[in-house]
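final_5.txt (compact mmCIF, C-alpha atoms and all ligand atoms)
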# COMPACT_ATOMS: atom_id res chain seq x y z
CA MET A 28 0.81 27.59 4.98
CA PRO A 29 2.76 26.54 8.06
CA GLU A 30 5.37 23.82 7.98
CA PRO A 31 3.32 20.64 8.13
CA VAL A 32 5.29 18.65 10.68
CA GLY A 33 7.25 19.79 13.65
CA ILE A 34 8.62 16.49 14.85
CA ALA A 35 11.85 16.65 12.87
CA ASN A 36 12.74 20.01 14.40
CA LEU A 37 12.38 18.95 18.00
CA PRO A 38 15.59 18.80 20.01
CA ASN A 39 15.17 15.33 21.46
CA GLN A 40 16.87 12.60 19.48
CA ARG A 41 13.95 10.25 20.02
CA TYR A 42 11.62 12.55 18.15
CA LYS A 43 14.03 12.54 15.26
CA ILE A 44 13.91 8.77 15.22
CA VAL A 45 10.14 8.82 15.27
CA SER A 46 10.02 11.28 12.44
CA LYS A 47 12.60 9.46 10.35
CA GLN A 48 10.91 6.14 10.75
CA GLY A 49 7.43 7.55 10.52
CA ALA A 50 4.67 5.40 11.88
CA THR A 51 3.66 1.85 11.13
CA PHE A 52 0.00 1.07 10.73
CA THR A 53 -1.35 -2.42 10.20
CA ILE A 54 -4.87 -3.28 9.14
CA MET A 55 -6.20 -6.84 9.03
CA VAL A 56 -9.34 -8.08 7.33
CA CYS A 57 -11.00 -11.33 8.29
CA GLY A 58 -14.25 -13.19 7.94
CA GLU A 59 -15.78 -15.92 5.81
CA SER A 60 -14.56 -16.27 2.26
CA GLY A 61 -16.39 -14.48 -0.51
CA LEU A 62 -17.51 -11.54 1.63
CA GLY A 63 -15.49 -8.99 -0.31
CA LYS A 64 -12.41 -8.62 1.92
CA THR A 65 -9.91 -8.45 -0.92
CA THR A 66 -12.23 -6.19 -2.90
CA PHE A 67 -12.56 -3.86 0.08
CA ILE A 68 -8.79 -3.49 0.42
CA ASN A 69 -8.51 -2.68 -3.25
CA THR A 70 -11.35 -0.18 -2.90
CA LEU A 71 -9.76 1.47 0.12
CA PHE A 72 -6.37 1.86 -1.50
CA HIS A 73 -7.14 2.20 -5.17
CA SER A 74 -4.94 5.23 -5.37
CA GLY A 75 -2.36 7.11 -3.40
CA LEU A 76 -0.41 4.05 -2.34
CA LYS A 77 3.25 3.86 -3.01
CA PRO A 78 4.50 0.28 -2.79
CA TYR A 79 7.65 -0.50 -0.87
CA GLN A 80 10.76 -0.02 -3.00
CA ASP A 81 11.79 -3.62 -2.78
CA PRO A 82 9.21 -5.64 -4.70
CA ALA A 83 10.18 -8.76 -2.75
CA GLU A 84 9.04 -6.98 0.40
CA ARG A 85 5.59 -6.30 -0.96
CA HIS A 86 4.00 -9.65 -0.36
CA ASN A 87 4.76 -11.95 2.46
CA LYS A 88 3.34 -15.32 3.18
CA PHE A 89 2.98 -16.21 6.79
CA SER A 90 3.07 -19.74 8.12
CA SER A 91 1.70 -20.32 11.54
CA ALA A 92 3.46 -22.72 13.84
CA HIS A 93 0.51 -25.05 13.72
CA GLN A 94 -0.70 -24.80 10.22
CA ASN A 95 0.20 -23.47 6.87
CA VAL A 96 -2.09 -20.63 6.12
CA GLU A 97 -1.85 -18.14 3.36
CA ILE A 98 -1.93 -14.83 5.09
CA ASP A 99 -1.14 -12.24 2.50
CA ILE A 100 0.63 -9.11 3.62
CA VAL A 101 0.65 -6.16 1.30
CA ARG A 102 3.05 -3.44 2.29
CA ALA A 103 2.87 0.09 1.09
CA ILE A 104 3.89 3.57 2.06
CA LEU A 105 1.37 6.29 2.64
CA GLU A 106 2.93 9.69 2.33
CA GLU A 107 1.32 12.35 4.43
CA LYS A 108 3.03 15.62 3.59
CA ASN A 109 6.54 14.88 4.86
CA PHE A 110 5.50 12.20 7.29
CA LYS A 111 5.68 8.60 6.17
CA ILE A 112 3.27 5.95 7.29
CA ARG A 113 4.24 2.41 6.55
CA LEU A 114 1.08 0.49 5.89
CA ASN A 115 0.72 -3.22 6.23
CA ILE A 116 -2.49 -4.69 4.98
CA ILE A 117 -3.11 -8.23 6.05
CA ASP A 118 -5.56 -10.11 3.92
CA THR A 119 -6.55 -13.43 5.42
CA PRO A 120 -8.18 -16.30 3.61
CA GLY A 121 -11.74 -16.68 4.76
CA PHE A 122 -12.58 -19.33 7.23
CA GLY A 123 -15.10 -21.86 6.03
CA ASN A 124 -18.81 -21.57 6.18
CA ASN A 125 -19.00 -24.59 8.42
CA VAL A 126 -20.23 -23.46 11.82
CA ASN A 127 -17.93 -25.84 13.67
CA ASN A 128 -14.91 -24.99 11.68
CA HIS A 129 -12.66 -23.72 14.47
CA ASP A 130 -9.42 -24.84 12.92
CA SER A 131 -9.63 -22.45 10.07
CA TRP A 132 -9.52 -19.32 12.21
CA THR A 133 -7.06 -20.31 14.95
CA PRO A 134 -4.13 -19.41 12.66
CA ILE A 135 -5.50 -15.87 12.49
CA ILE A 136 -5.57 -15.58 16.27
CA ASP A 137 -2.10 -17.15 16.38
CA PHE A 138 -0.84 -14.63 13.90
CA ILE A 139 -2.01 -11.74 16.07
CA ASP A 140 -0.48 -13.25 19.21
CA ASP A 141 2.77 -14.07 17.40
CA GLN A 142 3.18 -10.42 16.43
CA HIS A 143 2.80 -9.29 20.03
CA GLU A 144 5.21 -11.97 21.12
CA SER A 145 7.78 -11.04 18.51
CA TYR A 146 7.56 -7.35 19.38
CA MET A 147 7.95 -8.14 23.07
CA LYS A 148 11.09 -10.19 22.36
CA GLN A 149 12.58 -7.40 20.29
CA GLU A 150 11.93 -4.97 23.12
CA GLN A 151 13.90 -7.16 25.46
CA GLN A 152 16.90 -7.11 23.14
CA PRO A 153 19.51 -4.48 23.85
CA SER A 154 20.00 -3.87 20.13
CA ARG A 155 18.92 -0.49 18.84
CA SER A 156 18.08 -1.67 15.37
CA GLU A 157 14.66 -0.89 13.96
CA LYS A 158 11.96 -3.17 15.27
CA LYS A 159 9.86 -5.25 12.96
CA ASP A 160 6.35 -4.39 13.98
CA LEU A 161 3.40 -6.26 12.55
CA ARG A 162 1.09 -5.81 15.49
CA VAL A 163 -2.44 -5.43 14.15
CA HIS A 164 -3.88 -1.99 14.91
CA ALA A 165 -7.29 -2.48 13.38
CA CYS A 166 -9.02 -5.75 12.64
CA LEU A 167 -12.04 -5.53 10.36
CA TYR A 168 -14.42 -8.41 10.91
CA PHE A 169 -16.66 -9.03 7.89
CA ILE A 170 -20.22 -10.08 8.73
CA ARG A 171 -22.29 -11.87 6.10
CA PRO A 172 -25.27 -9.71 5.11
CA THR A 173 -27.92 -12.28 6.00
CA GLY A 174 -30.29 -9.74 7.46
CA HIS A 175 -30.95 -12.16 10.29
CA SER A 176 -28.36 -12.43 13.01
CA LEU A 177 -24.79 -13.26 13.92
CA LYS A 178 -23.77 -16.90 13.83
CA PRO A 179 -22.41 -18.58 16.97
CA LEU A 180 -19.04 -18.86 15.20
CA ASP A 181 -19.05 -15.12 14.48
CA ILE A 182 -19.69 -14.42 18.15
CA GLU A 183 -16.95 -16.75 19.26
CA ILE A 184 -14.34 -15.37 16.88
CA MET A 185 -15.26 -11.78 17.63
CA LYS A 186 -14.89 -12.46 21.34
CA ARG A 187 -11.43 -13.89 20.82
CA LEU A 188 -10.40 -11.04 18.60
CA SER A 189 -11.78 -8.32 20.86
CA THR A 190 -9.46 -9.21 23.72
CA ARG A 191 -6.47 -8.98 21.40
CA VAL A 192 -6.99 -6.20 18.90
CA ASN A 193 -9.09 -3.18 18.07
CA LEU A 194 -12.03 -5.00 16.55
CA ILE A 195 -14.15 -3.19 13.98
CA PRO A 196 -17.16 -5.18 12.79
CA VAL A 197 -18.45 -4.41 9.30
CA ILE A 198 -21.49 -5.59 7.37
CA ALA A 199 -20.11 -6.89 4.10
CA LYS A 200 -21.80 -6.31 0.72
CA SER A 201 -24.38 -4.07 2.32
CA ASP A 202 -25.81 -3.29 -1.12
CA THR A 203 -27.51 -6.67 -1.00
CA LEU A 204 -29.83 -5.48 1.80
CA SER A 205 -32.57 -2.88 1.53
CA PRO A 206 -32.14 0.22 3.72
CA LYS A 207 -34.84 -1.06 6.07
CA GLU A 208 -33.33 -4.54 6.32
CA LEU A 209 -29.95 -2.97 6.93
CA ASP A 210 -31.27 -0.84 9.80
CA THR A 211 -32.84 -3.83 11.53
CA PHE A 212 -29.76 -5.96 10.93
CA LYS A 213 -27.47 -3.27 12.32
CA SER A 214 -29.40 -2.79 15.53
CA ARG A 215 -29.73 -6.55 16.01
CA ILE A 216 -25.94 -6.94 15.70
CA ARG A 217 -25.38 -4.07 18.11
CA ASP A 218 -27.69 -5.77 20.63
CA ILE A 219 -25.82 -9.06 20.33
CA ILE A 220 -22.44 -7.34 20.70
CA GLU A 221 -23.67 -5.68 23.85
CA ALA A 222 -25.36 -8.78 25.29
CA GLN A 223 -22.29 -10.91 24.59
CA ASP A 224 -20.01 -8.28 26.06
CA ILE A 225 -17.83 -8.10 22.97
CA ALA A 226 -15.46 -5.14 23.28
CA ILE A 227 -15.45 -3.57 19.84
CA TYR A 228 -13.28 -0.56 19.09
CA THR A 229 -14.89 2.65 20.31
CA PRO A 230 -13.58 6.01 19.14
CA PRO A 231 -12.72 8.07 22.23
CA LEU A 232 -15.09 10.88 23.16
CA GLU A 233 -12.78 13.81 23.83
CA LEU A 234 -15.05 16.04 25.82
CA ASP A 235 -12.77 19.06 25.64
CA ASP A 236 -13.09 19.04 21.87
CA PRO A 237 -16.79 19.21 20.88
CA ALA A 238 -16.17 18.82 17.15
CA SER A 239 -14.12 15.68 17.57
CA ALA A 240 -16.55 14.31 20.17
CA GLU A 241 -19.39 14.82 17.72
CA HIS A 242 -17.42 13.00 15.02
CA SER A 243 -16.73 10.08 17.39
CA LYS A 244 -20.40 9.94 18.29
CA GLN A 245 -21.35 9.66 14.64
CA LEU A 246 -18.82 6.87 14.14
CA ILE A 247 -20.05 4.97 17.18
CA GLU A 248 -23.66 5.28 16.02
CA ALA A 249 -22.77 3.95 12.57
CA MET A 250 -21.22 0.73 13.89
CA PRO A 251 -21.18 -1.92 12.59
CA PHE A 252 -20.24 -0.08 9.40
CA ALA A 253 -22.20 -1.12 6.33
CA ILE A 254 -19.75 -1.29 3.47
CA ILE A 255 -19.71 -1.76 -0.26
CA GLY A 256 -16.60 -2.62 -2.20
CA SER A 257 -15.99 -2.35 -5.91
CA GLU A 258 -12.99 -2.40 -8.15
CA GLU A 259 -14.87 -0.78 -10.98
CA GLU A 260 -16.03 2.66 -11.86
CA VAL A 261 -19.57 3.11 -13.11
CA GLU A 262 -21.09 5.98 -15.04
CA THR A 263 -23.65 8.03 -13.11
CA GLY A 264 -24.04 10.65 -15.81
CA PRO A 265 -22.34 11.58 -19.07
CA GLY A 266 -18.62 11.39 -18.37
CA GLN A 267 -19.17 11.04 -14.62
CA LEU A 268 -17.44 8.00 -13.22
CA VAL A 269 -17.69 6.87 -9.61
CA ARG A 270 -16.66 3.82 -7.71
CA GLY A 271 -19.75 1.67 -7.41
CA ARG A 272 -21.77 -1.31 -8.47
CA LYS A 273 -24.28 -1.30 -11.28
CA TYR A 274 -27.62 -3.05 -11.07
CA PRO A 275 -30.58 -3.18 -13.44
CA TRP A 276 -32.46 -1.04 -10.90
CA GLY A 277 -29.72 1.52 -10.42
CA ILE A 278 -26.25 2.24 -9.14
CA VAL A 279 -24.86 1.97 -5.62
CA GLU A 280 -22.01 4.32 -4.95
CA VAL A 281 -19.20 3.33 -2.60
CA GLU A 282 -18.49 6.90 -1.52
CA ASN A 283 -22.09 8.02 -1.16
CA GLU A 284 -22.95 8.32 2.54
CA GLU A 285 -26.59 7.65 1.79
CA HIS A 286 -25.65 4.31 0.26
CA CYS A 287 -23.16 2.98 2.81
CA ASP A 288 -20.68 3.81 5.58
CA PHE A 289 -17.53 3.35 3.49
CA LYS A 290 -16.45 6.98 3.87
CA LYS A 291 -16.91 6.91 7.63
CA LEU A 292 -14.81 3.78 7.93
CA ARG A 293 -12.11 5.14 5.66
CA SER A 294 -11.95 8.34 7.63
CA LEU A 295 -11.74 6.43 10.91
CA LEU A 296 -8.93 4.21 9.64
CA LEU A 297 -6.82 6.62 7.67
CA ARG A 298 -7.52 10.02 9.17
CA THR A 299 -9.26 10.68 12.40
CA ASN A 300 -8.54 7.57 14.44
CA MET A 301 -5.30 6.15 13.07
CA LEU A 302 -3.30 7.55 15.95
CA ASP A 303 -5.77 6.30 18.55
CA LEU A 304 -5.74 2.85 16.95
CA ILE A 305 -1.94 2.77 17.09
CA LEU A 306 -1.75 4.02 20.67
CA SER A 307 -4.54 1.87 22.06
CA THR A 308 -2.97 -1.21 20.47
CA ASN A 309 0.24 -0.41 22.26
CA GLU A 310 -1.23 0.61 25.56
CA LEU A 311 -4.20 -1.66 25.86
CA HIS A 312 -3.76 -4.81 23.80
CA PHE A 313 0.01 -5.11 23.77
CA GLU A 314 0.26 -4.29 27.46
CA SER A 315 -2.47 -6.85 28.24
CA PHE A 316 -0.57 -9.43 26.27
CA ARG A 317 2.64 -8.54 28.00
CA SER A 318 1.21 -8.65 31.50
CA VAL A 319 -0.49 -11.97 30.85
CA LYS A 320 2.80 -13.34 29.49
CA MET A 321 4.77 -12.00 32.41
CA GLY A 322 2.16 -13.37 34.75
CA GLY A 323 2.37 -10.16 36.73
CA SER A 324 -0.36 -7.87 37.86
CA ASP A 325 -1.02 -4.52 36.44
CA GLU A 326 0.16 -2.25 39.21
CA GLU A 327 0.10 0.99 37.31
CA ASN A 328 -3.54 0.47 36.77
CA GLY A 329 -4.29 -0.11 40.42
CA GLU A 330 -6.51 -2.97 39.44
CA GLU A 331 -6.07 -6.66 39.89
CA GLU A 332 -5.36 -8.63 36.80
CA LYS A 333 -8.37 -10.71 35.94
CA GLU A 334 -7.18 -13.90 34.40
CA LEU A 335 -9.85 -16.12 33.06
CA THR A 336 -9.40 -19.45 31.43
CA ASN A 337 -11.58 -20.51 28.58
CA GLU A 338 -12.75 -23.99 27.65
CA ASN A 339 -9.37 -24.80 26.07
CA GLY A 340 -7.48 -23.93 29.21
CA GLU A 341 -6.12 -20.89 27.44
CA VAL A 342 -5.66 -17.73 29.45
CA VAL A 343 -7.89 -14.97 28.31
CA LYS A 344 -8.26 -11.57 29.81
CA LYS A 345 -11.64 -10.11 30.26
CA PRO A 346 -11.77 -6.64 28.84
CA SER A 347 -12.80 -4.12 31.41
CA ILE A 348 -12.65 -1.12 29.15
CA SER A 349 -15.69 0.57 30.57
CA LYS A 350 -14.31 0.74 34.10
CA LYS A 351 -10.63 1.42 33.80
CA PRO A 352 -8.96 4.35 32.14
CA ARG A 353 -8.19 3.32 28.58
CA ARG A 354 -4.52 4.10 28.77
CA LEU A 355 -1.79 2.53 30.79
CA HIS A 356 0.95 5.04 31.12
CA ASN A 357 4.17 3.48 30.15
CA PRO A 358 6.79 6.26 30.15
CA LYS A 359 8.67 4.41 27.45
CA PHE A 360 6.04 5.28 24.90
CA LYS A 361 5.23 8.68 26.27
CA GLU A 362 7.63 10.56 24.05
CA GLU A 363 6.54 8.74 20.92
CA GLU A 364 2.95 9.28 21.90
CA ASP A 365 3.48 12.99 22.44
CA ALA A 366 5.32 13.31 19.17
CA LEU A 367 2.61 11.48 17.26
CA LYS A 368 -0.12 13.46 18.97
CA LYS A 369 1.64 16.67 18.09
CA PHE A 370 1.99 15.55 14.51
CA PHE A 371 -1.68 14.70 14.15
CA THR A 372 -2.83 17.87 15.88
CA GLU A 373 -0.69 19.91 13.54
CA GLN A 374 -1.98 18.03 10.54
CA VAL A 375 -5.55 18.81 11.53
CA LYS A 376 -4.66 22.42 12.28
CA ALA A 377 -2.96 22.81 8.93
CA GLU A 378 -5.98 21.33 7.18
CA GLU A 379 -8.29 23.68 9.07
CA GLN A 380 -6.11 26.63 8.23
CA ARG A 381 -6.02 25.62 4.59
CA PHE A 382 -9.79 25.37 4.64
CA ARG A 383 -10.18 28.75 6.31
CA GLN A 384 -7.79 30.31 3.82
CA TRP A 385 -9.85 28.84 1.03
CA GLU A 386 -13.02 30.17 2.63
CA THR A 387 -11.46 33.64 2.96
CA ASN A 388 -10.36 33.52 -0.67
CA ILE A 389 -13.87 32.68 -1.73
CA VAL A 390 -15.37 35.49 0.33
CA ASN A 391 -12.80 37.92 -1.10
CA GLU A 392 -13.51 36.75 -4.59
CA ARG A 393 -17.26 37.17 -4.02
CA ASN A 394 -16.74 40.67 -2.67
CA ARG A 395 -14.56 41.55 -5.62
CA LEU A 396 -17.19 40.28 -8.05
CA ASN A 397 -19.92 42.16 -6.20
CA GLN A 398 -17.88 45.32 -6.45
CA ASP A 399 -17.31 44.77 -10.15
CA LEU A 400 -21.00 44.19 -10.53
CA GLU A 401 -21.81 47.43 -8.72
CA GLU A 402 -19.37 49.35 -10.89
CA MET A 403 -20.85 47.84 -14.02
CA GLN A 404 -24.33 48.68 -12.85
CA SER A 405 -23.46 52.32 -12.14
CA LYS A 406 -21.72 52.53 -15.52
CA LEU A 407 -24.79 51.05 -17.11
CA LYS A 408 -26.96 53.58 -15.31
CA ALA A 409 -24.77 56.44 -16.48
CA LEU A 410 -24.98 55.15 -20.04
CA GLU A 411 -28.74 54.83 -19.79
CA GLU A 412 -28.92 58.44 -18.56
CA GLN A 413 -26.84 59.53 -21.54
CA VAL A 414 -29.08 57.66 -23.94
CA LYS A 415 -32.14 59.29 -22.37
CA LYS A 416 -30.55 62.74 -22.66
CA LEU A 417 -29.60 62.12 -26.29
CA GLN A 418 -33.14 60.95 -27.06
CA LEU A 419 -34.53 64.08 -25.38
CA THR A 420 -32.25 66.42 -27.33
CA LYS A 421 -33.17 64.63 -30.57
CA ARG A 422 -36.86 65.41 -30.17
N1 LIG B 501 -22.70 -7.11 -4.14
C1 LIG B 501 -21.45 -6.97 -3.72
N2 LIG B 501 -20.50 -7.83 -4.14
C2 LIG B 501 -19.23 -7.66 -3.71
C3 LIG B 501 -18.88 -6.61 -2.82
N3 LIG B 501 -17.55 -6.68 -2.57
C4 LIG B 501 -17.09 -7.74 -3.27
N4 LIG B 501 -18.09 -8.35 -3.97
C5 LIG B 501 -17.98 -9.52 -4.85
O1 LIG B 501 -17.89 -10.67 -4.05
C6 LIG B 501 -17.00 -11.63 -4.62
C7 LIG B 501 -15.92 -12.04 -3.62
O2 LIG B 501 -15.09 -10.93 -3.34
P1 LIG B 501 -13.64 -11.09 -2.67
O3 LIG B 501 -13.13 -9.73 -2.47
O4 LIG B 501 -12.79 -12.01 -3.45
O5 LIG B 501 -14.01 -11.78 -1.28
P2 LIG B 501 -13.03 -12.38 -0.16
O6 LIG B 501 -13.03 -13.85 -0.35
O7 LIG B 501 -13.66 -12.01 1.12
O8 LIG B 501 -11.69 -11.75 -0.35
C8 LIG B 501 -16.45 -10.97 -5.87
O9 LIG B 501 -17.20 -11.43 -6.97
C9 LIG B 501 -16.71 -9.49 -5.67
O10 LIG B 501 -16.91 -8.80 -6.88
C10 LIG B 501 -19.92 -5.71 -2.38
O11 LIG B 501 -19.72 -4.77 -1.62
N5 LIG B 501 -21.18 -5.96 -2.86
MG MG B 502 -9.83 -12.68 -0.56
Mind converting the file's structure to structure tokens?
Ligand SMILES: Nc1nc2c(ncn2[C@@H]2O[C@H](COP(=O)(O)OP(=O)(O)O)[C@@H](O)[C@H]2O)c(=O)[nH]1
Ligand SMILES: [Mg+2]
Amino acid sequence: MPEPVGIANLPNQRYKIVSKQGATFTIMVCGESGLGKTTFINTLFHSGLKPYQDPAERHNKFSSAHQNVEIDIVRAILEEKNFKIRLNIIDTPGFGNNVNNHDSWTPIIDFIDDQHESYMKQEQQPSRSEKKDLRVHACLYFIRPTGHSLKPLDIEIMKRLSTRVNLIPVIAKSDTLSPKELDTFKSRIRDIIEAQDIAIYTPPLELDDPASAEHSKQLIEAMPFAIIGSEEEVETGPGQLVRGRKYPWGIVEVENEEHCDFKKLRSLLLRTNMLDLILSTNELHFESFRSVKMGGSDEENGEEEKELTNENGEVVKKPSISKKPRRLHNPKFKEEEDALKKFFTEQVKAEEQRFRQWETNIVNERNRLNQDLEEMQSKLKALEEQVKKLQLTKR
């Protein structure tokens, strides 16, 4: 197998820094309370997580400037071969079920903005010390599985979130809907998202790579992802334990693609689209935030900055993802981007190679067995001939 990562061997010092620090990836979950956000996080990371060395670093309570809100940050390290990914998982308390309850979710929006602000300030500092980066790369918005529609509050919050982060809507506790109800609910939500012009995260369709384009297409078609969370293992057969939920009428399995989209979402977050989530946060959302803050126009993009004010007099930027190229090319991030891209490409290549090797091994093994079988059969034939001859001579 080839060396898994090449970043550390590259001559440029910057690459070395990237490789030493690894990448930081931050996921946030939000939505009404009781929808299974905390359960989902525990389902997603039930194994393979290595907590930060310093236990005091593990949990962090965040207080917004306006309000005290318990935003729980779990930090962990995900080790990918010899590449480290520092994970931050931000679990927010649910906002209330009251439709007019705006106050309960403003701290969440503030938190996201504060992280952009803090990162921007650090960038302006001449110091070379490691930046604290808690910018949210993926924000999962939990939708109550009513089977009916989105609430006005859902629409409003999703709109606010979508101009700030990569928004990924999910249908919570999807095991409480029948497959037919789920289908209808999904397409209704998709229609609303489209009609309301909410810019949810869309995996890029890389046309020069048919396999990856096909994968993206499947992910896009599955949105909003129907998910099931469970902290328990249930028995599907003697000695066979799977993550799932047990009902009198049967078992729903978290990792069964016929039961829900959990695997698709996990793959998007932790494998296929992690890099794109990180880069688009930097190049789309962070840059938008920065240009709004600076009050300047986006010259590199050749497009006028559209500044819109909402009912609170707050400046919001209308996403124009469909028209403009997704990426703003800031040379500052180019090297990091290239290094990360290279890393991910090599990871995928290594996996493919490993798979091919495994396939070859299996084919070889099959051939070997077939050959053994043939030998055995010809031996058997020879023995049968001998027996026949002996029987003939006996008579
Ligand atoms: N039926 C069902 N129940 C779930 C699911 N996920 C979580 N729950 C249950 O819902 C309740 C609330 O879950 P919790 O994770 O605390 O919700 P949170 O308030 O959004 O963090 C708990 O009793 C969970 O066992 C799910 O996918 N399906
Ligand atoms: Mg919770």
Check every protein, DNA and RNA residue against ligand MG 502 (chain B), keep those with an atom at most 6 Å away (counting all atoms listed in the file), and present them as a ChimeraX atom specification. /A:64-65,120
What's around range 49-58 of chain A at 8 Å? Count all atoms listed in the file, leave out sequence neighbours fewer than 4 positions away in its own chain, and write the answer as a ChimeraX atom specification. /A:45,62,64,110-122,160-170,301,305
Which residues are near ligand LIG 501 (chain B) - at most 10 Å, using only C-alpha atoms and all ligand atoms? Format: as an MDAnalysis selection string. chainID A and resid 56:70 118:122 169 171:172 198:204 253:259 271:274 279:281 287 289
Which polymer residues have any atom within 8 Å of an atom of Arg217 in chain A, counting all atoms listed in the file, with same-chain residues fewer than 3 positions away left out, as a PyMOL selection string? chain A and resi 213-214+220-221+250-251
For the residues in that selection, give me C-alpha atoms as a short mmCIF file (atom, residue, chain, number, x, y, z; two decimals), in the coordinates of the input.
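Listing of selection_22.cif after writing:
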data_model
loop_
_atom_site.label_atom_id
_atom_site.label_comp_id
_atom_site.auth_asym_id
_atom_site.auth_seq_id
_atom_site.Cartn_x
_atom_site.Cartn_y
_atom_site.Cartn_z
CA LYS A 213 -27.47 -3.27 12.32
CA SER A 214 -29.40 -2.79 15.53
CA ILE A 220 -22.44 -7.34 20.70
CA GLU A 221 -23.67 -5.68 23.85
CA MET A 250 -21.22 0.73 13.89
CA PRO A 251 -21.18 -1.92 12.59
#
d(CA of Gln223 in chain A, CA of Met185 in chain A) in Å: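 Distance reported for this atom pair: 9.9 Å.
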Rounded to one decimal, what separation in Å do you get between CA of His286 in chain A and CA of Asp181 in chain A?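 Rounded to one decimal, the two atoms are 25.0 Å apart.
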What lies within 10 Å of Tyr228 in chain A using all atoms listed in the file, ignoring chain neighbours under 6 positions off, as a PDB file with C-alpha atoms, keeping the file's coordinate frame?
ATOM      1  CA  ALA A 165      -7.290  -2.480  13.380  1.00  0.00           C
ATOM      2  CA  CYS A 166      -9.020  -5.750  12.640  1.00  0.00           C
ATOM      3  CA  SER A 189     -11.780  -8.320  20.860  1.00  0.00           C
ATOM      4  CA  VAL A 192      -6.990  -6.200  18.900  1.00  0.00           C
ATOM      5  CA  ASN A 193      -9.090  -3.180  18.070  1.00  0.00           C
ATOM      6  CA  LEU A 194     -12.030  -5.000  16.550  1.00  0.00           C
ATOM      7  CA  ILE A 195     -14.150  -3.190  13.980  1.00  0.00           C
ATOM      8  CA  PRO A 196     -17.160  -5.180  12.790  1.00  0.00           C
ATOM      9  CA  ILE A 247     -20.050   4.970  17.180  1.00  0.00           C
ATOM     10  CA  MET A 250     -21.220   0.730  13.890  1.00  0.00           C
ATOM     11  CA  LEU A 304      -5.740   2.850  16.950  1.00  0.00           C
ATOM     12  CA  SER A 307      -4.540   1.870  22.060  1.00  0.00           C
TER      13      SER A 307
END
A:Asp137, A:Glu401, A:Glu144, A:Glu208: which is nearest Lys320 in chain A, counting all atoms listed in the file?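 Once distances to Lys320 in chain A are computed over all atoms listed in the file, the minimum belongs to A:Glu144.
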Might you pull out every residue within 8 Å of Leu232 in chain A, with all atoms listed in the file counted and same-chain residues fewer than 3 positions away left off, and present them as a list of chain:residue names? A:Ser239, A:Ala240, A:Glu241, A:Ser243, A:Lys244
A:His143, A:Lys408, A:Lys186, A:Arg422: which is nearest Asp224 in chain A, counting all atoms listed in the file?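 Residue with the minimum atom-to-atom distance to Asp224 in chain A: A:Lys186.
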Residue nearest Phe212 in chain A - candidates A:Asn283, A:Asn394, A:Gln245, A:Thr173, atoms counted: all atoms listed in the file: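 Counting all atoms listed in the file, the residue closest to Phe212 in chain A is A:Thr173.
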